[in-house]
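Working notes, structure below.
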Amino acid sequence: MIGLVFLGLAGIVGLLAAIGARRWLVNLRPVTLVFGILLLVAGPVLTYTESRTLTVFMSHRSWPTTEGEVVSSRVIGTRAFRPDIVYQYAVNGVVYTDSTTLETPPFGGRNSKYNVAETLAKEYPPGRPVTVHYDPLNPARSGLRVGPTWDVYGKLGLGGLLFGFGVFWVVGYGAGRMKKGN
């Protein structure tokens with residue numbers, strides 16, 4: 001649903017921009033049409049994929065919780081550093097062990113990535129109690145943070161942007177051809 005909103009808004013903006021700019025779109029080459037069509041396909045595919053990811057994350061919010069404890073916490077990686085938080089929890093008398101990297105962002109310089117990973121690892125020292133969200137159908141599947149990460153929203157926005165540019169180039173190409181009389 002949210003993906004359709006992104007695509008709809010981006011499509012309207014692309015359409016209005018192309019109609020408003022048709023005066024200077026007269027000399028667009030056919031490669032512009034191909035490029036626009038590629039964007040028209042890539043935008044919705046990316047938006048659809050991330051909408052499904054967002055739906056999965058939202059379903060995780062309804063998972064039951066239990067108390068757990070951090071077993072170990074360290075920084076892993078050689079170039080793309082990330083925290084590795086290992087924790088234990090019990091569901092119906094069965095003890096489970098899981099780990100998370102807390103979905104740290106993959107961008108930034110090496111020192112920046114290390115500093116973020118180290119800060120997060122220090123926030124979860126061994127022995128710290130944590131609230132664990134677990135899948136009621138498969139309690140071995142769990143997470144400490146169950147909300148969507150920043151990159152899901154970024155990719156949704158990018159999908160809408162690609163679609164909007166695709167609409168702009170395809171409609172602009174057509175409007176330019178009509179104005180030119182071809």
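We label chains A, B, ... in the order they appear in the structure tokens, count residues from 1 in each chain, and number ligands from 1 in the order shown.
For A:Gln88, the residues within 9 Å (counting only C-alpha atoms, excluding itself and residues fewer than 6 positions away along the chain) are Glu67, Gly68, Glu69, Val70, Val71, Val95, Tyr96, Thr97, Asp98, Ser99 and Val132 of chain A.
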Selected residues, N, CA, C and O atoms, written as a compact mmCIF listing (two decimals), in the first residue's frame, please.
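As a result, again_36.txt now contains:
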# COMPACT_ATOMS: atom_id res chain seq x y z
N GLU A 67 12.06 -12.01 28.07
CA GLU A 67 13.32 -11.44 28.54
C GLU A 67 14.48 -12.35 28.17
O GLU A 67 14.36 -13.58 28.23
N GLY A 68 15.56 -11.74 27.77
CA GLY A 68 16.76 -12.48 27.42
C GLY A 68 17.97 -11.81 28.03
O GLY A 68 17.84 -10.84 28.80
N GLU A 69 19.13 -12.33 27.69
CA GLU A 69 20.37 -11.78 28.23
C GLU A 69 21.45 -11.84 27.17
O GLU A 69 21.56 -12.82 26.43
N VAL A 70 22.25 -10.77 27.10
CA VAL A 70 23.36 -10.72 26.15
C VAL A 70 24.44 -11.68 26.63
O VAL A 70 24.84 -11.67 27.80
N VAL A 71 24.89 -12.53 25.72
CA VAL A 71 25.95 -13.50 26.02
C VAL A 71 27.31 -12.92 25.67
O VAL A 71 28.26 -13.02 26.44
N VAL A 95 15.67 -23.06 25.73
CA VAL A 95 16.61 -21.94 25.63
C VAL A 95 17.11 -21.83 24.19
O VAL A 95 17.52 -22.82 23.58
N TYR A 96 17.04 -20.61 23.66
CA TYR A 96 17.50 -20.33 22.30
C TYR A 96 18.65 -19.33 22.36
O TYR A 96 18.70 -18.47 23.24
N THR A 97 19.54 -19.44 21.39
CA THR A 97 20.62 -18.47 21.23
C THR A 97 20.51 -17.91 19.82
O THR A 97 20.34 -18.64 18.86
N ASP A 98 20.62 -16.60 19.72
CA ASP A 98 20.56 -15.94 18.42
C ASP A 98 21.56 -14.78 18.44
O ASP A 98 22.13 -14.45 19.48
N SER A 99 21.76 -14.18 17.29
CA SER A 99 22.67 -13.03 17.22
C SER A 99 22.09 -12.00 16.26
O SER A 99 21.23 -12.30 15.43
N VAL A 132 13.50 -9.59 23.96
CA VAL A 132 13.64 -10.32 22.71
C VAL A 132 12.25 -10.53 22.10
O VAL A 132 11.35 -11.01 22.78
Tell me which protein, DNA and RNA residues are within 7 Å of A:Leu39, counting only C-alpha atoms, leaving out same-chain ones fewer than 6 positions away, and put them as an mmCIF file with N, CA and C atoms, in the first residue's frame.
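Result file out.cif:
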data_model
loop_
_atom_site.group_PDB
_atom_site.id
_atom_site.type_symbol
_atom_site.label_atom_id
_atom_site.label_comp_id
_atom_site.auth_asym_id
_atom_site.auth_seq_id
_atom_site.Cartn_x
_atom_site.Cartn_y
_atom_site.Cartn_z
ATOM 1 N N LEU A 162 12.753 6.873 -9.142
ATOM 2 C CA LEU A 162 13.031 6.267 -10.445
ATOM 3 C C LEU A 162 11.777 6.240 -11.315
ATOM 4 N N PHE A 163 10.657 5.870 -10.698
ATOM 5 C CA PHE A 163 9.400 5.830 -11.443
ATOM 6 C C PHE A 163 9.011 7.230 -11.927
ATOM 7 N N PHE A 165 10.997 9.765 -12.553
ATOM 8 C CA PHE A 165 11.870 10.136 -13.668
ATOM 9 C C PHE A 165 11.485 9.373 -14.932
ATOM 10 N N GLY A 166 11.090 8.111 -14.778
ATOM 11 C CA GLY A 166 10.651 7.336 -15.938
ATOM 12 C C GLY A 166 9.432 7.958 -16.587
#
Using backbone DSSP assignments, extract all strand (DSSP E) residues from chain A; output them as a ChimeraX atom specification. /A:65-76,82-91,94-100,129-135,138-143
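For the set A:Ala10, A:Val56, A:Leu102, A:Ala17, the residue with the smallest atom-to-atom gap to A:Leu40 is A:Ala10, counting only C-alpha atoms.
The coordinates place atom CA of A:Val152 at 27.9 Å from atom CA of A:Pro125.
Separating atom CA of A:Asn111 from atom CA of A:Asp151 is a distance of 20.7 Å.
Going from atom CA of A:Tyr134 to atom CA of A:Tyr114 covers 28.5 Å.
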A:Glu123 proximity check over A:Arg74, A:Arg52, A:Lys155, A:Arg29, using only C-alpha atoms: winner is A:Arg74
Please extract the residues of chain A with a backbone DSSP assignment of helix (DSSP H, G or I) and present them as a PyMOL selection string. chain A and resi 2-20+22-25+30-60+110-123+150-180
